[in-house]
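A short worksheet on the structure shown next.
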Amino acid sequence: MGREHEYAGRELLRPEQYDGEETVAVSAWPAANGEHRRRSERLAILDEWIAFFGTPSPVRHLSLTCRVTDVLLGALAPQIQLESLALKWGPYRDLRALEEMEDLRCLELGGASALVNLSPLRHLTQLRKLEVSNARALTDYAPLAELSELRFLNVHRGITGARSNADSLDFVRGFAHLDELWWDPRVTSADYSPLLHLTSAKKVSVTPMKGMTPAHVDLEWALPGMRAVLEERAAHRIPVISSTGEVAVLTTDVTSRTVWVAAEPTDEIDEEWHFPPGREAITAAVSGRTIRTFASTARTRTERFWLQLESPQTSDQSPPLSESVVATFPFSGDASGPILVWDSALPACEDIADFFSGNTDAWTYSPPLRLDATHEAALPDDEFWELVGAFGGRANLMSTYKAVAALATRGEQVALRWAHAFSDHALRVMPRVEALAAKGHVPPDRIFEAVGAIVVAGRTTYGAILADADSFDRRLLREAALDVIFTAQLAVRRLRPEVESVTTPLSLLWDSGPAAQKTRRLLTERDPSFTRMHCARGILRIDGQLHERLVLVDWGDETDEHSTTHAIAALKSFGGHLVAGPEFAEGAVNHLANAGAVFHTRRRSSMPVAEYLAIYAPGDGG
């Protein structure tokens, strides 16, 4: 399992952005953010960084968040003051540039697919933490035996890498003070006995290998660190809510397999769902700047407004270098909003409504589309049961996905008619399931799961239980998933994403039940400290002068006229008379610390750039 590097720092795209910090992240080969950059531009930026690293600097904690080659890695040789270094990925092979970094204590060799030799690390006598990922060409880990101060070692395959091989684990015999070992490679000799020396390690995780000696289970008995990891994984629970409202928990069973456990909404799940662990709410005063950028092609003109929070300090999301900075605007306000993030004067305009025309990326509210399957004729039994066969007689998530795909190929009308028929059959067997629940044969909170499982089990099983409820086999519930009763809805939404729900008598019955009500509460009640900021733009007249203004405002989960009312009030709260707008950005900023581009416009236009900017971005917002 990987470990995020502890010293990420502010990400710099060019050396000129460096301001003497000890902790920085550098993208020396800027191909990120999904933006197109010419190779010549990227090579020029790389040369700038190579020149920067040519002399010692105050940097002590460095992360290279880009593709790392031997040329770039070799340029780091003068940075002997480094205490931590993280390489994200790249075809680097030569680690000799690290030999004189005697103060290095943390090293992350990420995406090391070309690495074959760890010998230069022998000189890093102060190294306490080492992580190596996706080193599929590396087999010799013997040089690590000389790292007597090592406390943490993690060798893993990364997110996309294949499992690699290692010659031996003999190097761990000297790790008397190792606190944690996370080991994934297969040992060619299958001899894992050197691990038995790690009896004092707090955490040990080893990926099993067929034929390993000692066996994996024997290592668990011998090493307290392995038992500690198993207990930690079993205690780790991730609450998940499906599109249909089903609540489940992703956890690990005693055999280390990842499993789903059905659950009802609880205070614990509520807290974890609404406010992810590790993120702290920004609740007090905030300040920063908004950067307005411009980019163009032969037929389009694009503007973006980028929010950079400076107080409190957060991770920087800078505009891509391929976009020109037009203007900036300093802002400040309360994190709960509204916050004025842009205000600039505009020239007089005969028809101010034209200012908003042509923006292909503007968001408009569309009411949710709900279809009513009860108005469709139910499918005949033969056709209905034929489609039920797509489940393969099993009620679980995988079989539901297959059935959804099969039903979607038949078209929307067939899916709605199938939903009607499914509802009819489900309601017919519902009294039998309720009777089973009264006898204790079906858990009361799994009645709908049982109904769905009985229907998708097929015509014969369904008919038998309808005739005699006691013929119910509890194994039907072993894999049952609530999604099966929403199969038609999922199929229709695959065809028409704008469809929110498909109404049937069964879905109405589910919606009125306690489980659905708890789920709705879970999804709609938000932690008041967790802001969901929307960006709105308007044109206001202030003392006879037109102004373009952007605000961030939290209007909760309300839409349509409510969101418009909130946006207008926010725009006017900073003075002036609204004469056009509001126009809304698509999406929301679900935590101010994650803010990047908060508003953008894209117009199909071949207007000369200077003329375009004179009309739409004539002045500096600051």
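Scheme for the structure tokens: letters A, B, ... for chains in order shown; per-chain residue numbers from 1; ligand numbers from 1 in order shown.
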
Which residues of segment 311-429 of chain A come within 8 Å of segment 480-500 of chain A, and for each one, what is the closest pair of atoms and their distance in Å to one decimal, counting only C-alpha atoms, sorted by chain and residue number, as a Markdown table?
```
| residue | atom | partner | partner_atom | distance |
| --- | --- | --- | --- | --- |
| A:Pro368 | CA | A:Glu500 | CA | 5.7 |
| A:Leu369 | CA | A:Val499 | CA | 4.7 |
| A:Arg370 | CA | A:Glu500 | CA | 5.6 |
| A:Leu371 | CA | A:Val499 | CA | 7.3 |
| A:Arg394 | CA | A:Ala480 | CA | 7.5 |
| A:Ala395 | CA | A:Ala480 | CA | 4.5 |
| A:Asn396 | CA | A:Ala481 | CA | 4.8 |
| A:Leu397 | CA | A:Ala481 | CA | 6.1 |
| A:Thr400 | CA | A:Val484 | CA | 5.8 |
| A:Ala403 | CA | A:Thr487 | CA | 7.2 |
| A:Val404 | CA | A:Ala491 | CA | 4.9 |
| A:Ala405 | CA | A:Ala491 | CA | 6.7 |
| A:Leu407 | CA | A:Ala491 | CA | 6.1 |
| A:Ala408 | CA | A:Ala491 | CA | 4.8 |
| A:Gly411 | CA | A:Leu495 | CA | 7.8 |
| A:Glu412 | CA | A:Val492 | CA | 5.7 |
| A:Ala415 | CA | A:Ala488 | CA | 5.4 |
| A:Leu416 | CA | A:Ala488 | CA | 6.5 |
| A:Trp418 | CA | A:Ala488 | CA | 6.9 |
| A:Ala419 | CA | A:Ala488 | CA | 5.4 |
| A:Phe422 | CA | A:Ile485 | CA | 7.9 |
```

Output C-alpha atoms for every residue in that selection, as a compact mmCIF listing (two decimals), in the first residue's frame.
```txt
# COMPACT_ATOMS: atom_id res chain seq x y z
CA PRO A 368 -35.31 16.45 -12.63
CA LEU A 369 -37.08 14.16 -15.05
CA ARG A 370 -39.21 11.46 -13.43
CA LEU A 371 -40.87 8.78 -15.52
CA ARG A 394 -28.45 -14.37 -8.76
CA ALA A 395 -29.16 -11.07 -7.04
CA ASN A 396 -25.92 -9.14 -6.61
CA LEU A 397 -24.26 -6.03 -7.98
CA THR A 400 -27.58 -6.36 -11.84
CA ALA A 403 -29.24 -7.15 -16.48
CA VAL A 404 -29.15 -3.36 -16.79
CA ALA A 405 -27.03 -3.64 -19.94
CA LEU A 407 -32.46 -4.22 -20.63
CA ALA A 408 -30.98 -0.99 -21.99
CA GLY A 411 -34.99 0.55 -25.40
CA GLU A 412 -36.73 2.86 -22.95
CA ALA A 415 -37.51 -1.00 -19.79
CA LEU A 416 -40.54 0.90 -18.42
CA TRP A 418 -40.43 -4.37 -17.56
CA ALA A 419 -40.39 -2.10 -14.47
CA PHE A 422 -41.34 -6.36 -11.98
```

### Selection: 7 Å around Asp191 of chain A, only C-alpha atoms, excl. self and same-chain fewer than 2 positions, as a list in words
Val187, Ser189, Ser193, Met212 and Thr213 of chain A

Would you mind exporting the chosen residues as a compact mmCIF listing (two decimals), in the first residue's frame, restricted to N, CA and C atoms?
```txt
# COMPACT_ATOMS: atom_id res chain seq x y z
N VAL A 187 9.16 -13.22 -3.78
CA VAL A 187 10.56 -13.60 -3.55
C VAL A 187 10.84 -14.85 -4.37
N SER A 189 13.08 -17.11 -4.43
CA SER A 189 13.42 -18.35 -3.71
C SER A 189 12.27 -18.87 -2.87
N SER A 193 11.64 -16.52 5.39
CA SER A 193 12.05 -16.69 6.79
C SER A 193 12.80 -15.48 7.36
N MET A 212 5.15 -20.12 -0.47
CA MET A 212 6.09 -19.38 0.37
C MET A 212 6.38 -20.13 1.67
N THR A 213 7.59 -19.96 2.17
CA THR A 213 8.02 -20.60 3.42
C THR A 213 8.66 -19.55 4.33
```

### Query
Distance atom CA of Ile159 of chain A-atom CA of Gly111 of chain A, one decimal place?
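If I compute the distance from atom CA of Ile159 of chain A to atom CA of Gly111 of chain A, I get 9.4 Å.
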
#### Entry: Nearest residue to Thr125 of chain A from the set A:Leu104, A:Val326, A:Leu109, A:Val155 (distances using only C-alpha atoms)
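Result for the nearest residue to Thr125 of chain A: A:Leu104.
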
### Task
List every residue of segment 361-515 of chain A that DSSP, applied to the backbone of this structure, assigns to strand (DSSP E or B), and report them as a VMD selection string.
chain A and resid 363 369 to 372 499 to 503

### Query
Within 12 Å of Ser63 of chain A, counting only C-alpha atoms, which residues qualify if same-chain residues fewer than 4 places away don't, as a PyMOL selection string?
chain A and resi 4-12+22-28+59+67-68+73+76+82-89+106-110

Applying 12 Å and only C-alpha atoms, which residues near Pro330 of chain A remain after dropping the ones on its own chain fewer than 6 positions away? List them as a PDB file with C-alpha atoms, in the first residue's frame.
```
ATOM      1  CA  VAL A 286     -10.447  33.868   4.096  1.00  0.00           C
ATOM      2  CA  SER A 287      -8.449  35.887   1.597  1.00  0.00           C
ATOM      3  CA  GLY A 288      -6.660  35.335  -1.662  1.00  0.00           C
ATOM      4  CA  ARG A 289      -6.769  36.390  -5.277  1.00  0.00           C
ATOM      5  CA  THR A 290      -8.700  35.552  -8.409  1.00  0.00           C
ATOM      6  CA  ILE A 291      -6.757  35.153 -11.645  1.00  0.00           C
ATOM      7  CA  ARG A 292      -8.552  35.724 -14.945  1.00  0.00           C
ATOM      8  CA  TRP A 306      -9.027  30.775 -10.934  1.00  0.00           C
ATOM      9  CA  LEU A 307      -9.373  31.059  -7.173  1.00  0.00           C
ATOM     10  CA  GLN A 308      -6.176  30.922  -5.107  1.00  0.00           C
ATOM     11  CA  LEU A 309      -6.657  30.906  -1.349  1.00  0.00           C
ATOM     12  CA  GLU A 310      -3.737  32.485   0.497  1.00  0.00           C
ATOM     13  CA  SER A 311      -5.101  32.720   4.034  1.00  0.00           C
ATOM     14  CA  ILE A 339     -17.618  36.249  -1.092  1.00  0.00           C
ATOM     15  CA  LEU A 340     -16.930  38.842  -3.772  1.00  0.00           C
ATOM     16  CA  VAL A 341     -14.263  37.237  -5.982  1.00  0.00           C
ATOM     17  CA  TRP A 342     -14.348  39.598  -8.966  1.00  0.00           C
ATOM     18  CA  ASP A 343     -15.384  43.176  -9.693  1.00  0.00           C
ATOM     19  CA  SER A 344     -14.208  45.155 -12.708  1.00  0.00           C
ATOM     20  CA  ASP A 620      -7.882  44.720 -14.201  1.00  0.00           C
ATOM     21  CA  GLY A 621     -10.233  43.549 -11.508  1.00  0.00           C
ATOM     22  CA  GLY A 622      -7.803  44.768  -8.867  1.00  0.00           C
TER      23      GLY A 622
END
```

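Put simply, atom CA of Leu13 of chain A is 12.9 Å away from atom CA of Ile50 of chain A.
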
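Atom CA of Ser133 of chain A sits 20.2 Å away from atom CA of Leu195 of chain A.
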
Contacts of Val229 of chain A at 9 Å or less, counting only C-alpha atoms, minus same-chain residues fewer than 6 places along, as a compact mmCIF listing (two decimals) with C-alpha atoms, in the first residue's frame?
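After the write, selection.txt holds the following:
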```
# COMPACT_ATOMS: atom_id res chain seq x y z
CA LYS A 202 4.89 -2.38 14.81
CA LYS A 203 3.40 -3.08 11.37
CA VAL A 204 4.29 -5.75 8.82
CA SER A 205 2.31 -6.36 5.63
```

Write out as a Markdown table the residues of segment 282-358 of chain A that have any atom within 12 Å of an atom of segment 575-591 of chain A, one row each with the nearest atom pair and its distance in Å to one decimal, counting only C-alpha atoms, sorted by chain and then rising number.
```
| residue | atom | partner | partner_atom | distance |
| --- | --- | --- | --- | --- |
| A:Ile282 | CA | A:His591 | CA | 7.8 |
| A:Thr283 | CA | A:His591 | CA | 10.3 |
| A:Arg304 | CA | A:Ala585 | CA | 10.6 |
| A:Phe305 | CA | A:Ala585 | CA | 10.5 |
| A:Trp306 | CA | A:Val589 | CA | 11.8 |
| A:Leu307 | CA | A:Val589 | CA | 10.3 |
| A:Leu309 | CA | A:His591 | CA | 11.4 |
| A:Thr314 | CA | A:His591 | CA | 11.2 |
| A:Ala335 | CA | A:His591 | CA | 9.6 |
| A:Ser336 | CA | A:His591 | CA | 10.6 |
| A:Leu340 | CA | A:Gly575 | CA | 10.9 |
| A:Asp343 | CA | A:Gly575 | CA | 11.1 |
| A:Cys349 | CA | A:Val579 | CA | 11.7 |
| A:Asp351 | CA | A:Ala580 | CA | 10.0 |
| A:Ile352 | CA | A:Ala580 | CA | 6.9 |
| A:Ala353 | CA | A:Ala580 | CA | 6.3 |
| A:Asp354 | CA | A:Ala580 | CA | 9.6 |
| A:Phe355 | CA | A:Ala580 | CA | 8.7 |
| A:Phe356 | CA | A:Glu583 | CA | 7.7 |
| A:Ser357 | CA | A:Glu583 | CA | 10.5 |
```

### Query
Out of A:Ser324, A:Glu376, A:Pro347, A:Ala145, which residue has the shortest atom-to-atom distance to Ala614 of chain A when counting only C-alpha atoms?
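Using only C-alpha atoms, Ala614 of chain A sits closest to A:Pro347.
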
### Query
Out of A:Ile568, A:Val116, A:Met398, A:Leu147, which residue has the shortest atom-to-atom distance to Ala166 of chain A when counting only C-alpha atoms?
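For Ala166 of chain A, the nearest of the given residues is A:Val116.
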
### Message
Between A:Ser605, A:Ser423, A:Thr565, A:Thr409, which residue has the minimum interatomic distance to Ala373 of chain A, considering only C-alpha atoms?
### Response
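Among A:Ser605, A:Ser423, A:Thr565, A:Thr409, it is A:Ser423 that comes nearest to Ala373 of chain A.
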
Skip Leu98 of chain A itself and residues of its chain fewer than 4 positions away, then list as a short mmCIF file (atom, residue, chain, number, x, y, z; two decimals) with N, CA, C and O atoms, in the first residue's frame all residues within 9 Å of it, counting only C-alpha atoms.
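Contents of the output file result-v6.cif:
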```cif
data_model
loop_
_atom_site.label_atom_id
_atom_site.label_comp_id
_atom_site.auth_asym_id
_atom_site.auth_seq_id
_atom_site.Cartn_x
_atom_site.Cartn_y
_atom_site.Cartn_z
N LEU A 73 17.01 14.15 -12.80
CA LEU A 73 17.47 13.64 -11.52
C LEU A 73 18.94 13.98 -11.30
O LEU A 73 19.35 14.35 -10.20
N GLY A 74 19.74 13.87 -12.35
CA GLY A 74 21.16 14.21 -12.24
C GLY A 74 21.38 15.67 -11.89
O GLY A 74 22.36 16.02 -11.23
N LEU A 76 19.91 17.32 -9.76
CA LEU A 76 19.70 17.55 -8.33
C LEU A 76 20.97 17.34 -7.51
O LEU A 76 20.96 17.60 -6.30
N ALA A 77 22.05 16.88 -8.12
CA ALA A 77 23.26 16.53 -7.36
C ALA A 77 23.74 17.66 -6.44
O ALA A 77 24.18 17.38 -5.31
N GLN A 79 22.03 19.64 -4.70
CA GLN A 79 21.08 19.88 -3.61
C GLN A 79 21.36 18.94 -2.44
O GLN A 79 20.49 18.19 -1.98
N ILE A 80 22.57 18.99 -1.93
CA ILE A 80 22.99 18.06 -0.88
C ILE A 80 22.33 18.39 0.47
O ILE A 80 22.46 17.61 1.42
N GLU A 102 23.71 13.40 2.33
CA GLU A 102 23.87 12.70 3.60
C GLU A 102 22.80 13.06 4.62
O GLU A 102 22.62 12.36 5.62
N LEU A 104 19.62 13.25 3.83
CA LEU A 104 18.34 12.74 3.34
C LEU A 104 17.77 11.72 4.33
O LEU A 104 18.43 10.73 4.67
N PRO A 120 23.56 3.18 -5.03
CA PRO A 120 23.87 4.53 -4.53
C PRO A 120 23.21 4.85 -3.19
O PRO A 120 23.67 5.75 -2.48
N LEU A 121 22.17 4.13 -2.81
CA LEU A 121 21.50 4.42 -1.55
C LEU A 121 22.32 4.00 -0.34
O LEU A 121 22.01 4.39 0.79
N HIS A 123 24.99 5.06 0.62
CA HIS A 123 25.63 6.23 1.23
C HIS A 123 24.66 7.05 2.08
O HIS A 123 25.09 7.95 2.79
N LEU A 124 23.38 6.74 2.02
CA LEU A 124 22.36 7.53 2.74
C LEU A 124 22.19 6.97 4.14
O LEU A 124 21.16 6.39 4.48
#
```

### Task
If you run DSSP over the backbone, which residues in segment 23-66 of chain A end up helix (DSSP H, G or I)? Put them as number ranges by chain.
A: 39-52
